[in-house]
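Chemist: Got a structure for you, written out below as structure tokens; questions coming shortly.
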Amino acid sequence: MPTHTLPGGVHFSPYPCAPNIERIDRNILPVLNKMTRYGILLDKTHFSNLAVELEEKIETVRLLIAMEVGKPGFNPGSSQQVSDLIYKDLGLKTYDESGTVRMPPTTHGGRYYSTDDKYLSGFADNPTVSLILEFRELDKMYGTYVRTIIGKADSDDRIRCRWNYADVVTGRLSSADPNMQNWPEVLRAGFIASPGCKLVSHDLSQIEMRVGAHESQDPTLMKAFHEGLDTHTMTAAYVFYRDLALTAIQDAMALVDKKTQRAPCKTVNFGIFYGQTAEGLQMGLAGMGIFQPLQWCQWLIDEWYRIYSGVTEYLHRAHYRARRYGMVWCMFGRSRLVPETKSALNGIISAGLRQAGNMPIQAGAQGIFKIGMYSLNHLYDAYEALGVVCRPLLQIHDEMISEVSEEVAQDFAEQGKSILETCVPLSVPLGCGYGIGNTWGDLK
DNA sequence: GATACTAGCGCG
DNA sequence: AAAGCGCGCTAGTATC
């Protein structure tokens, strides 16, 4: 076990005893306590300016939509009205690749067609549809985030949310009142460091994929992480330049095209542990402006399973456990019941198997991150004992946001990186990145 | 007027 | 029959 020397000369070895979920969960309580107590400082001016700006834009788009639609009282915020407008009044249809009409899934008990962005984006050249999409985006930003956040600040302008500790089946935390874990990238600039401080972020890169490598012991995937390769590019190299990749992986990787080859493989890398199907992959790629036949998507997924056969075996193992025991569990022993696998309905069974394949990965990643939080707390305490500010503010699943006195921010960032990378010994190395800035938006 | 549900969408 | 895991929040709609 590596030993860390903390400020003040204190030594500690990360997690000196065998981790189990009870201990892992209990040991992050001091960190949650600090996060809850300190909260994050809100830039009120930033958000009130943004609110005015958005109100004007939304009003403009509302008027444009009204002119375009011509129906009095039309509400672009109503999915039912939007559905009737697009699929009845405008008569727009979606097609499968053979050119036959295949409408989006129905909603509201079969009475409407879905107006989800992933279906409407195909109609973006229609002026009405594009205005509705624009309205939705602006309305989401304004209604969910910008308009409401100012009133949620305490008198010291700090946002203190609830950190739910036992609500998520995979062991993740969740955040509420307000949820601080789903802020859009563009709005994060409105959260700032206290005077004299910097915000510091630490994130465990590709943690779920690394847990997947550890769980499956897949030699190809493990090798990628040991050699620090870009896994998305590597996947593409094996898929598209197989023969060359087997003898000279670096040469094959150099041939990979970012848009048409790496991006689809990145999507598969993320989707595979969720049990994504060819249809889901096709939809996901289409949202990125990449259009491929269903057969191609199926081929890519099949290739993935062939290249990473160890992962395929892992998934089979999870499915076996789910069917045999009605339960799966992660490397720390956190378990999830999957009674769905005993259903008479194939759809329910499939859903249960997807959950079974995913849970050990997400839960394993979260266990590692919680151990990381516990380890990091030694660092928070050591700096605080020296009389400087050093505290956790937010946890976003695989990322910590901390607030640290300016003069120690760089040191804290580097030590935190080292601690997180060594907090749990896996069969592949962990990777931690960090960022330092004055606002949450500056950290990436 | 209060409550419950749904669709849609932000994040990892 | 559905077709991607895990969340929380909002507005619209349905129901009492």
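Naming scheme: A, B, ... for chains in displayed order of the structure tokens; residues 1 onward per chain; ligands 1 onward as shown.
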Using only C-alpha atoms (C1' of nucleotides), which residues sit within 12 Å of DT15 (chain C) once same-chain residues fewer than 4 positions away are excluded, as a PyMOL selection string?
Modeler: chain B and resi 2-5
Chemist: Per residue of region 123-205 of chain A within 10 Å of region 335-359 of chain A, what are the shortest atom pair and its distance in Å to one decimal, counting only C-alpha atoms, with rows by chain and residue number, as a tab-separated table?
Modeler:
```
residue	atom	partner	partner_atom	distance
A:Val169	CA	A:Arg336	CA	6.8
A:Thr170	CA	A:Met359	CA	6.0
A:Gly171	CA	A:Met359	CA	9.5
```
Chemist: I'd like the interatomic distance between CA of Tyr145 (chain A) and CA of Asn182 (chain A), to a tenth of an Å.
Modeler: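 If I compute the distance from CA of Tyr145 (chain A) to CA of Asn182 (chain A), I get 9.7 Å.
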Chemist: If we count only C-alpha atoms (C1' of nucleotides), which residues of chain C reach to within 6 Å of chain A? Please list them as a compact mmCIF listing (two decimals) with N, CA and C atoms (P, O5', C5', C4', C3', O3' and C1' of nucleotides), in the first residue's frame.
Modeler:
```
# COMPACT_ATOMS: atom_id res chain seq x y z
P DA C 2 -44.39 -1.88 -26.38
O5' DA C 2 -42.86 -1.94 -25.94
C5' DA C 2 -42.55 -2.16 -24.58
C4' DA C 2 -41.05 -2.22 -24.41
C3' DA C 2 -40.28 -1.04 -25.04
O3' DA C 2 -39.33 -0.60 -24.10
C1' DA C 2 -39.43 -3.09 -25.86
P DG C 4 -32.04 0.49 -26.10
O5' DG C 4 -31.70 0.61 -24.56
C5' DG C 4 -30.99 -0.43 -23.94
C4' DG C 4 -30.43 0.10 -22.65
C3' DG C 4 -31.47 0.75 -21.76
O3' DG C 4 -31.19 0.43 -20.41
C1' DG C 4 -29.80 2.33 -22.29
P DC C 5 -32.18 0.58 -19.25
O5' DC C 5 -31.21 0.82 -18.01
C5' DC C 5 -30.34 -0.23 -17.60
C4' DC C 5 -29.35 0.32 -16.60
C3' DC C 5 -29.96 1.22 -15.54
O3' DC C 5 -30.36 0.45 -14.42
C1' DC C 5 -28.02 2.25 -16.48
P DG C 12 -47.02 24.90 -18.57
O5' DG C 12 -47.72 23.52 -18.88
C5' DG C 12 -47.22 22.72 -19.94
C4' DG C 12 -48.01 21.45 -20.03
C3' DG C 12 -49.53 21.65 -20.00
O3' DG C 12 -50.09 20.82 -21.01
C1' DG C 12 -48.88 20.14 -18.28
```
Chemist: Determine, counting only C-alpha atoms (C1' of nucleotides), which protein, DNA and RNA residues have an atom within 8 Å of an atom of region 10-12 of chain B; residues of the same chain fewer than 5 positions away are not included. Present the result as a ChimeraX atom specification.
Modeler: /A:181-184,396-398
Chemist: Calculated over only C-alpha atoms, which of the candidates A:Ser216, A:Phe191, A:Glu134, A:Ile249 has the smallest distance to Leu229 (chain A)?
Modeler: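 Among the listed residues, the smallest separation from Leu229 (chain A) belongs to A:Ile249.
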Chemist: Show me, as a PyMOL selection string, the residues that have an atom within 10 Å of DC9 (chain B) when counting only C-alpha atoms (C1' of nucleotides), minus same-chain residues fewer than 3 positions from it.
Modeler: (chain A and resi 116-117+136-137+140) or (chain C and resi 9-10)
Chemist: Using only C-alpha atoms (C1' of nucleotides) for the distances, tell me which of A:Leu138, A:Val10, A:Ile21, A:Ile58 is nearest to chain B.
Modeler: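 Of A:Leu138, A:Val10, A:Ile21, A:Ile58, the one nearest chain B, counting only C-alpha atoms (C1' of nucleotides), is A:Leu138.
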Chemist: Please return as a list in words: the residues of region 207-392 of chain A that backbone DSSP assigns to strand (DSSP E or B).
Modeler: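 Output for region 207-392 of chain A, strand (DSSP E or B) only: Met327, Val328, Trp329, Ser335, Arg336, Leu337, Cys390, Arg391 and Pro392 of chain A.
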Chemist: Pick out the residues sitting within 6 Å of region 204-214 of chain A, and hand them over as a PDB file with C-alpha atoms, in the first residue's frame; count only C-alpha atoms (C1' of nucleotides), and ignore anything fewer than 6 positions along from it in its own chain.
Modeler:
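Written file, result.pdb:
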```pdb
ATOM      1  CA  LEU A 221      -9.105  -3.737 -22.079  1.00  0.00           C
ATOM      2  CA  MET A 222      -6.662  -4.144 -19.195  1.00  0.00           C
ATOM      3  CA  ILE A 361     -20.080  -1.707 -12.623  1.00  0.00           C
ATOM      4  CA  ALA A 365     -17.203   2.613  -9.397  1.00  0.00           C
ATOM      5  CA  ASP A 398     -16.978  10.481 -10.266  1.00  0.00           C
ATOM      6  CA  SER A 427      -5.951  -4.714 -11.665  1.00  0.00           C
ATOM      7  CA  GLY A 431      -6.579   7.923 -13.520  1.00  0.00           C
ATOM      8  CA  CYS A 432      -7.389  11.215 -11.854  1.00  0.00           C
TER       9      CYS A 432
END
```
Chemist: Using only C-alpha atoms (C1' of nucleotides), which of A:Cys330, A:Val256, A:Met67, A:Val186 sits nearest chain B?
Modeler: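 Residue with the minimum atom-to-atom distance to chain B: A:Val186.
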Chemist: If you measure from CA of Asn20 (chain A) to CA of Gly372 (chain A), what distance in Å do you get, rounded to one decimal?
Modeler: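 Between CA of Asn20 (chain A) and CA of Gly372 (chain A) the gap is 13.9 Å.
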